[in-house]
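Asker: One structure, pasted below without further comment.
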Amino acid sequence: MLHVLVLGAVFFPGLFLLTRRVLASIFKQWNNADLVLVSERCVSTVHALLATSSGFIVVTTCKNVMTDRHWLATAFVWFAMPYMAYDIYAMYLSHWYRFQVKGHEEYKEHSFRTVNMFLRRECLLVLHHIVLLTILLPVTLLGLQDSILHKVNGVIVLFTFFLCRILLFPYMYWVYGQHYGIPVYRVPFHLPLSCTLGNICVLAPQVYWFYMLCRKGIRLYQRERKMRETASN
């Protein structure tokens with residue numbers, strides 16, 4: 001799979017440079033900040049389309065997505081791994097040019113200070129990419145799905161998903177009620193109907209995805225338990 005890794009390391013930065021050059025030749029009035037930002041977004045879109053297509057192929061090809069294996073699942077992880085490292089650099093370039101165009105003195109040249117300011121502004125996003133590179137991808141590639149690290153990661157995913165994507169909504173309603181001095185159950189009737197309906201539309205898929213995550217976790221637990229019982233017998 002090393003050749004797939006090298007292919008990804010060439011593909012994503014190469015696509016970024018090519019897109020930037022093409023955009024510069026078409027939109028001559030754009031500055032570097034515009035070119036880098038749009039190029040970065042284009043590459044991110046391509047990555048998202050490739051990931052979605054790969055997932056669709058794997059899901060539709062496998063009869064049992066819990067136990068079946070598909071070569072594309074592993075191959076795409078190897079191919080997409082360099083994207084995370086590239087994207088950190090591309091985000092930094094976008095950050096640097098954006099502040100350079102605004103005339104900030106610190107951004108006349110690259111320095112430790114500009115890198116530090118970027119990391120402080122994009123801390124969570126950079127951390128997300130680093131965790132994927134150092135924990136999640138090795139777990140997948142090295143076959144550590146049955147390790148304690150994978151199980152701990154699964155619990156963390158469930159907790160953070162519930163906290164940030166589901167519990168966030170009642171918390172917002174509670175804060176709103178505290179601000180206006182009304183009980184939380186009256187907040188939906190105090191807000192415009194369009195706001196409440198919009199929140200429901202956003203919350204509904206989050207609840208469904210959380211249900212699917214829990215369902216998968218239960219299946220994995222039951223499968224592992226059955227394997228242990230079979231081994232003991």
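All residue names refer to the structure tokens as shown: chains lettered A, B, ... in order, residues numbered from 1 in each chain, ligands numbered from 1 in order.
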Which residues are near segment 111-124 of chain A? Cut-off 12 Å, only C-alpha atoms, ignore same chain within fewer than 2 positions. Put them as an mmCIF file with N, CA and C atoms, in the first residue's frame.
Answerer:
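This went into around_30.cif:
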data_model
loop_
_atom_site.group_PDB
_atom_site.id
_atom_site.type_symbol
_atom_site.label_atom_id
_atom_site.label_comp_id
_atom_site.auth_asym_id
_atom_site.auth_seq_id
_atom_site.Cartn_x
_atom_site.Cartn_y
_atom_site.Cartn_z
ATOM 1 N N ILE A 88 -3.494 20.740 6.715
ATOM 2 C CA ILE A 88 -2.978 21.621 7.771
ATOM 3 C C ILE A 88 -2.117 22.719 7.152
ATOM 4 N N TYR A 89 -1.253 22.328 6.223
ATOM 5 C CA TYR A 89 -0.390 23.312 5.562
ATOM 6 C C TYR A 89 -1.211 24.276 4.712
ATOM 7 N N ALA A 90 -2.206 23.755 3.994
ATOM 8 C CA ALA A 90 -3.044 24.612 3.153
ATOM 9 C C ALA A 90 -3.840 25.604 4.003
ATOM 10 N N MET A 91 -4.327 25.156 5.140
ATOM 11 C CA MET A 91 -5.052 26.061 6.035
ATOM 12 C C MET A 91 -4.125 27.148 6.571
ATOM 13 N N TYR A 92 -2.885 26.759 6.854
ATOM 14 C CA TYR A 92 -1.921 27.762 7.324
ATOM 15 C C TYR A 92 -1.645 28.797 6.239
ATOM 16 N N LEU A 93 -1.463 28.340 5.002
ATOM 17 C CA LEU A 93 -1.232 29.279 3.900
ATOM 18 C C LEU A 93 -2.407 30.238 3.743
ATOM 19 N N SER A 94 -3.611 29.698 3.816
ATOM 20 C CA SER A 94 -4.801 30.535 3.699
ATOM 21 C C SER A 94 -4.847 31.567 4.820
ATOM 22 N N HIS A 95 -4.536 31.118 6.023
ATOM 23 C CA HIS A 95 -4.494 32.020 7.174
ATOM 24 C C HIS A 95 -3.434 33.104 6.970
ATOM 25 N N TRP A 96 -2.262 32.708 6.514
ATOM 26 C CA TRP A 96 -1.143 33.643 6.368
ATOM 27 C C TRP A 96 -1.435 34.701 5.310
ATOM 28 N N TYR A 97 -1.918 34.285 4.153
ATOM 29 C CA TYR A 97 -2.211 35.243 3.087
ATOM 30 C C TYR A 97 -3.374 36.160 3.458
ATOM 31 N N ARG A 98 -4.348 35.617 4.183
ATOM 32 C CA ARG A 98 -5.497 36.433 4.573
ATOM 33 C C ARG A 98 -5.069 37.603 5.452
ATOM 34 N N PHE A 99 -4.186 37.335 6.394
ATOM 35 C CA PHE A 99 -3.741 38.407 7.279
ATOM 36 C C PHE A 99 -2.680 39.285 6.613
ATOM 37 N N GLN A 100 -1.946 38.730 5.671
ATOM 38 C CA GLN A 100 -0.979 39.539 4.935
ATOM 39 C C GLN A 100 -1.696 40.578 4.081
ATOM 40 N N HIS A 104 -1.280 43.163 8.167
ATOM 41 C CA HIS A 104 -0.700 42.915 9.486
ATOM 42 C C HIS A 104 0.825 42.838 9.375
ATOM 43 N N GLU A 105 1.503 43.539 10.246
ATOM 44 C CA GLU A 105 2.960 43.613 10.195
ATOM 45 C C GLU A 105 3.614 42.254 10.416
ATOM 46 N N GLU A 106 3.000 41.417 11.261
ATOM 47 C CA GLU A 106 3.607 40.122 11.580
ATOM 48 C C GLU A 106 3.651 39.186 10.376
ATOM 49 N N TYR A 107 2.845 39.487 9.363
ATOM 50 C CA TYR A 107 2.694 38.563 8.241
ATOM 51 C C TYR A 107 3.452 39.014 6.992
ATOM 52 N N LYS A 108 4.525 39.745 7.200
ATOM 53 C CA LYS A 108 5.372 40.084 6.064
ATOM 54 C C LYS A 108 6.190 38.882 5.613
ATOM 55 N N GLU A 109 6.458 37.974 6.544
ATOM 56 C CA GLU A 109 7.166 36.740 6.220
ATOM 57 C C GLU A 109 6.744 35.658 7.205
ATOM 58 N N VAL A 126 -6.914 21.758 13.735
ATOM 59 C CA VAL A 126 -5.591 21.141 13.628
ATOM 60 C C VAL A 126 -5.511 19.905 14.516
ATOM 61 N N LEU A 127 -6.066 19.999 15.714
ATOM 62 C CA LEU A 127 -6.081 18.849 16.623
ATOM 63 C C LEU A 127 -6.854 17.687 16.009
ATOM 64 N N HIS A 128 -7.959 18.000 15.347
ATOM 65 C CA HIS A 128 -8.749 16.972 14.668
ATOM 66 C C HIS A 128 -7.906 16.233 13.636
ATOM 67 N N HIS A 129 -7.166 16.979 12.822
ATOM 68 C CA HIS A 129 -6.340 16.362 11.788
ATOM 69 C C HIS A 129 -5.216 15.529 12.403
ATOM 70 N N ILE A 130 -4.603 16.041 13.455
ATOM 71 C CA ILE A 130 -3.493 15.326 14.092
ATOM 72 C C ILE A 130 -3.976 14.031 14.737
ATOM 73 N N VAL A 131 -5.139 14.082 15.380
ATOM 74 C CA VAL A 131 -5.695 12.869 15.995
ATOM 75 C C VAL A 131 -5.989 11.820 14.930
#
Asker: What's the 12 Å shell around segment 31-47 of chain A, counting only C-alpha atoms, without same-chain residues fewer than 4 positions away, as a PyMOL selection string?
Answerer: chain A and resi 8+11-27+51-54+76-77+79-84+86-102
Asker: Can those selected residues be exported to a file as a compact mmCIF listing (two decimals), in the first residue's frame so that it contains N, CA and C atoms?
Answerer:
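Output saved as selection10.txt:
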# COMPACT_ATOMS: atom_id res chain seq x y z
N GLY A 8 -1.33 9.48 -2.93
CA GLY A 8 -2.09 10.50 -2.22
C GLY A 8 -1.23 11.71 -1.87
N PHE A 11 -1.03 13.54 -5.14
CA PHE A 11 -2.30 13.97 -5.72
C PHE A 11 -2.85 15.25 -5.08
N PHE A 12 -2.96 15.27 -3.76
CA PHE A 12 -3.63 16.40 -3.10
C PHE A 12 -2.82 17.70 -3.19
N PRO A 13 -1.53 17.70 -2.86
CA PRO A 13 -0.77 18.94 -3.06
C PRO A 13 -0.69 19.34 -4.53
N GLY A 14 -0.57 18.34 -5.41
CA GLY A 14 -0.51 18.64 -6.84
C GLY A 14 -1.80 19.27 -7.34
N LEU A 15 -2.92 18.74 -6.87
CA LEU A 15 -4.22 19.31 -7.26
C LEU A 15 -4.36 20.74 -6.73
N PHE A 16 -3.86 20.97 -5.54
CA PHE A 16 -3.90 22.32 -4.96
C PHE A 16 -3.09 23.30 -5.81
N LEU A 17 -1.88 22.92 -6.17
CA LEU A 17 -1.02 23.80 -6.97
C LEU A 17 -1.62 24.03 -8.36
N LEU A 18 -2.16 22.97 -8.95
CA LEU A 18 -2.76 23.10 -10.28
C LEU A 18 -3.98 24.00 -10.24
N THR A 19 -4.83 23.81 -9.24
CA THR A 19 -6.03 24.63 -9.11
C THR A 19 -5.67 26.10 -8.90
N ARG A 20 -4.68 26.32 -8.07
CA ARG A 20 -4.25 27.70 -7.82
C ARG A 20 -3.73 28.36 -9.09
N ARG A 21 -2.97 27.61 -9.88
CA ARG A 21 -2.42 28.18 -11.11
C ARG A 21 -3.52 28.46 -12.13
N VAL A 22 -4.47 27.55 -12.24
CA VAL A 22 -5.57 27.74 -13.19
C VAL A 22 -6.42 28.94 -12.78
N LEU A 23 -6.72 29.04 -11.49
CA LEU A 23 -7.52 30.17 -11.01
C LEU A 23 -6.80 31.50 -11.23
N ALA A 24 -5.48 31.49 -11.02
CA ALA A 24 -4.70 32.72 -11.21
C ALA A 24 -4.72 33.18 -12.66
N SER A 25 -4.76 32.22 -13.59
CA SER A 25 -4.79 32.58 -15.01
C SER A 25 -6.17 33.05 -15.46
N ILE A 26 -7.21 32.62 -14.74
CA ILE A 26 -8.57 33.01 -15.12
C ILE A 26 -9.00 34.29 -14.40
N PHE A 27 -8.77 34.32 -13.10
CA PHE A 27 -9.19 35.47 -12.29
C PHE A 27 -7.96 36.29 -11.91
N ALA A 51 -14.27 10.46 -0.79
CA ALA A 51 -14.62 9.72 0.42
C ALA A 51 -16.05 9.21 0.36
N THR A 52 -16.96 10.07 -0.10
CA THR A 52 -18.36 9.67 -0.21
C THR A 52 -18.54 8.55 -1.22
N SER A 53 -17.88 8.69 -2.36
CA SER A 53 -17.99 7.66 -3.39
C SER A 53 -17.42 6.33 -2.91
N SER A 54 -16.29 6.39 -2.21
CA SER A 54 -15.69 5.16 -1.69
C SER A 54 -16.61 4.49 -0.68
N PHE A 76 -8.40 3.41 0.41
CA PHE A 76 -8.71 4.84 0.48
C PHE A 76 -8.12 5.48 1.73
N VAL A 77 -8.06 4.74 2.82
CA VAL A 77 -7.43 5.28 4.03
C VAL A 77 -5.97 5.61 3.77
N PHE A 79 -4.66 6.21 0.82
CA PHE A 79 -4.62 7.29 -0.17
C PHE A 79 -4.93 8.65 0.46
N ALA A 80 -5.88 8.67 1.39
CA ALA A 80 -6.33 9.94 1.97
C ALA A 80 -5.50 10.39 3.16
N MET A 81 -4.63 9.52 3.67
CA MET A 81 -3.83 9.90 4.83
C MET A 81 -3.01 11.17 4.60
N PRO A 82 -2.33 11.32 3.46
CA PRO A 82 -1.55 12.55 3.25
C PRO A 82 -2.41 13.80 3.17
N TYR A 83 -3.71 13.63 2.90
CA TYR A 83 -4.58 14.80 2.80
C TYR A 83 -4.61 15.58 4.11
N MET A 84 -4.60 14.87 5.24
CA MET A 84 -4.67 15.54 6.53
C MET A 84 -3.45 16.43 6.76
N TYR A 86 -1.46 17.60 4.34
CA TYR A 86 -1.53 18.67 3.35
C TYR A 86 -2.51 19.76 3.80
N ASP A 87 -3.67 19.34 4.33
CA ASP A 87 -4.72 20.31 4.65
C ASP A 87 -4.28 21.25 5.78
N ILE A 88 -3.49 20.74 6.72
CA ILE A 88 -2.98 21.62 7.77
C ILE A 88 -2.12 22.72 7.15
N TYR A 89 -1.25 22.33 6.22
CA TYR A 89 -0.39 23.31 5.56
C TYR A 89 -1.21 24.28 4.71
N ALA A 90 -2.21 23.76 3.99
CA ALA A 90 -3.04 24.61 3.15
C ALA A 90 -3.84 25.60 4.00
N MET A 91 -4.33 25.16 5.14
CA MET A 91 -5.05 26.06 6.03
C MET A 91 -4.12 27.15 6.57
N TYR A 92 -2.88 26.76 6.85
CA TYR A 92 -1.92 27.76 7.32
C TYR A 92 -1.64 28.80 6.24
N LEU A 93 -1.46 28.34 5.00
CA LEU A 93 -1.23 29.28 3.90
C LEU A 93 -2.41 30.24 3.74
N SER A 94 -3.61 29.70 3.82
CA SER A 94 -4.80 30.53 3.70
C SER A 94 -4.85 31.57 4.82
N HIS A 95 -4.54 31.12 6.02
CA HIS A 95 -4.49 32.02 7.17
C HIS A 95 -3.43 33.10 6.97
N TRP A 96 -2.26 32.71 6.51
CA TRP A 96 -1.14 33.64 6.37
C TRP A 96 -1.44 34.70 5.31
N TYR A 97 -1.92 34.28 4.15
CA TYR A 97 -2.21 35.24 3.09
C TYR A 97 -3.37 36.16 3.46
N ARG A 98 -4.35 35.62 4.18
CA ARG A 98 -5.50 36.43 4.57
C ARG A 98 -5.07 37.60 5.45
N PHE A 99 -4.19 37.33 6.39
CA PHE A 99 -3.74 38.41 7.28
C PHE A 99 -2.68 39.28 6.61
N GLN A 100 -1.95 38.73 5.67
CA GLN A 100 -0.98 39.54 4.93
C GLN A 100 -1.70 40.58 4.08
N VAL A 101 -2.78 40.15 3.43
CA VAL A 101 -3.55 41.07 2.60
C VAL A 101 -4.15 42.20 3.44
N LYS A 102 -4.50 41.87 4.69
CA LYS A 102 -5.08 42.88 5.57
C LYS A 102 -4.04 43.87 6.10
Asker: Using only C-alpha atoms, which of the listed residues (A:Trp174, A:Phe56, A:Phe161, A:Arg215) sits closest to Val187 of chain A?
Answerer: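 Using only C-alpha atoms, the shortest distance to Val187 of chain A belongs to A:Trp174.
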Asker: Taking the DSSP assignment computed from this structure's backbone, write out as a ChimeraX atom specification all residues of segment 9-190 of chain A that belong to alpha helix (DSSP H).
Answerer: /A:9-26,32-61,71-101,112-121,123-131,137-141,148-161,168-180,187-190
Asker: Do you know which residues are at most 10 Å from Gly217 of chain A counting only C-alpha atoms, after dropping those on the same chain fewer than 6 positions away, and could you put them as a PDB file with C-alpha atoms, in the first residue's frame?
Answerer:
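Generated file (part-v6.pdb):
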ATOM      1  CA  LYS A 151     -12.861   0.915  22.226  1.00  0.00           C
ATOM      2  CA  GLY A 154     -15.540   4.709  20.294  1.00  0.00           C
ATOM      3  CA  VAL A 155     -16.760   5.771  23.733  1.00  0.00           C
ATOM      4  CA  LEU A 158     -20.343   8.672  21.339  1.00  0.00           C
ATOM      5  CA  TYR A 211     -28.866   6.026  17.099  1.00  0.00           C
ATOM      6  CA  ARG A 223     -20.083  -9.896  18.301  1.00  0.00           C
TER       7      ARG A 223
END
Asker: For a quick check of understanding, using only C-alpha atoms, which of A:Leu167, A:Cys195, A:Val152, A:Val184 has the smallest distance to Val207 of chain A?
Answerer: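 Closest to Val207 of chain A of all the choices is A:Leu167.
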Asker: Considering only C-alpha atoms, state which residue in the set A:Leu7, A:Ile166, A:Val59, A:Ile148 is at the smallest distance from Trp209 of chain A.
Answerer: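 Of A:Leu7, A:Ile166, A:Val59, A:Ile148, the one nearest Trp209 of chain A, counting only C-alpha atoms, is A:Ile166.
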Asker: Kindly give the distance, in Å, that separates atom CA of Phe169 of chain A and atom CA of Pro205 of chain A, rounded to a single decimal.
Answerer: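 Interatomic distance, atom CA of Phe169 of chain A to atom CA of Pro205 of chain A: 13.0 Å.
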Asker: So how far away is atom CA of Leu50 of chain A from atom CA of Leu72 of chain A, in Å?
Answerer: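 Distance between the two atoms: 11.2 Å.
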Asker: May I ask for the distance between atom CA of Val202 of chain A and atom CA of Leu168 of chain A, given in Å to one decimal place?
Answerer: 11.5 Å
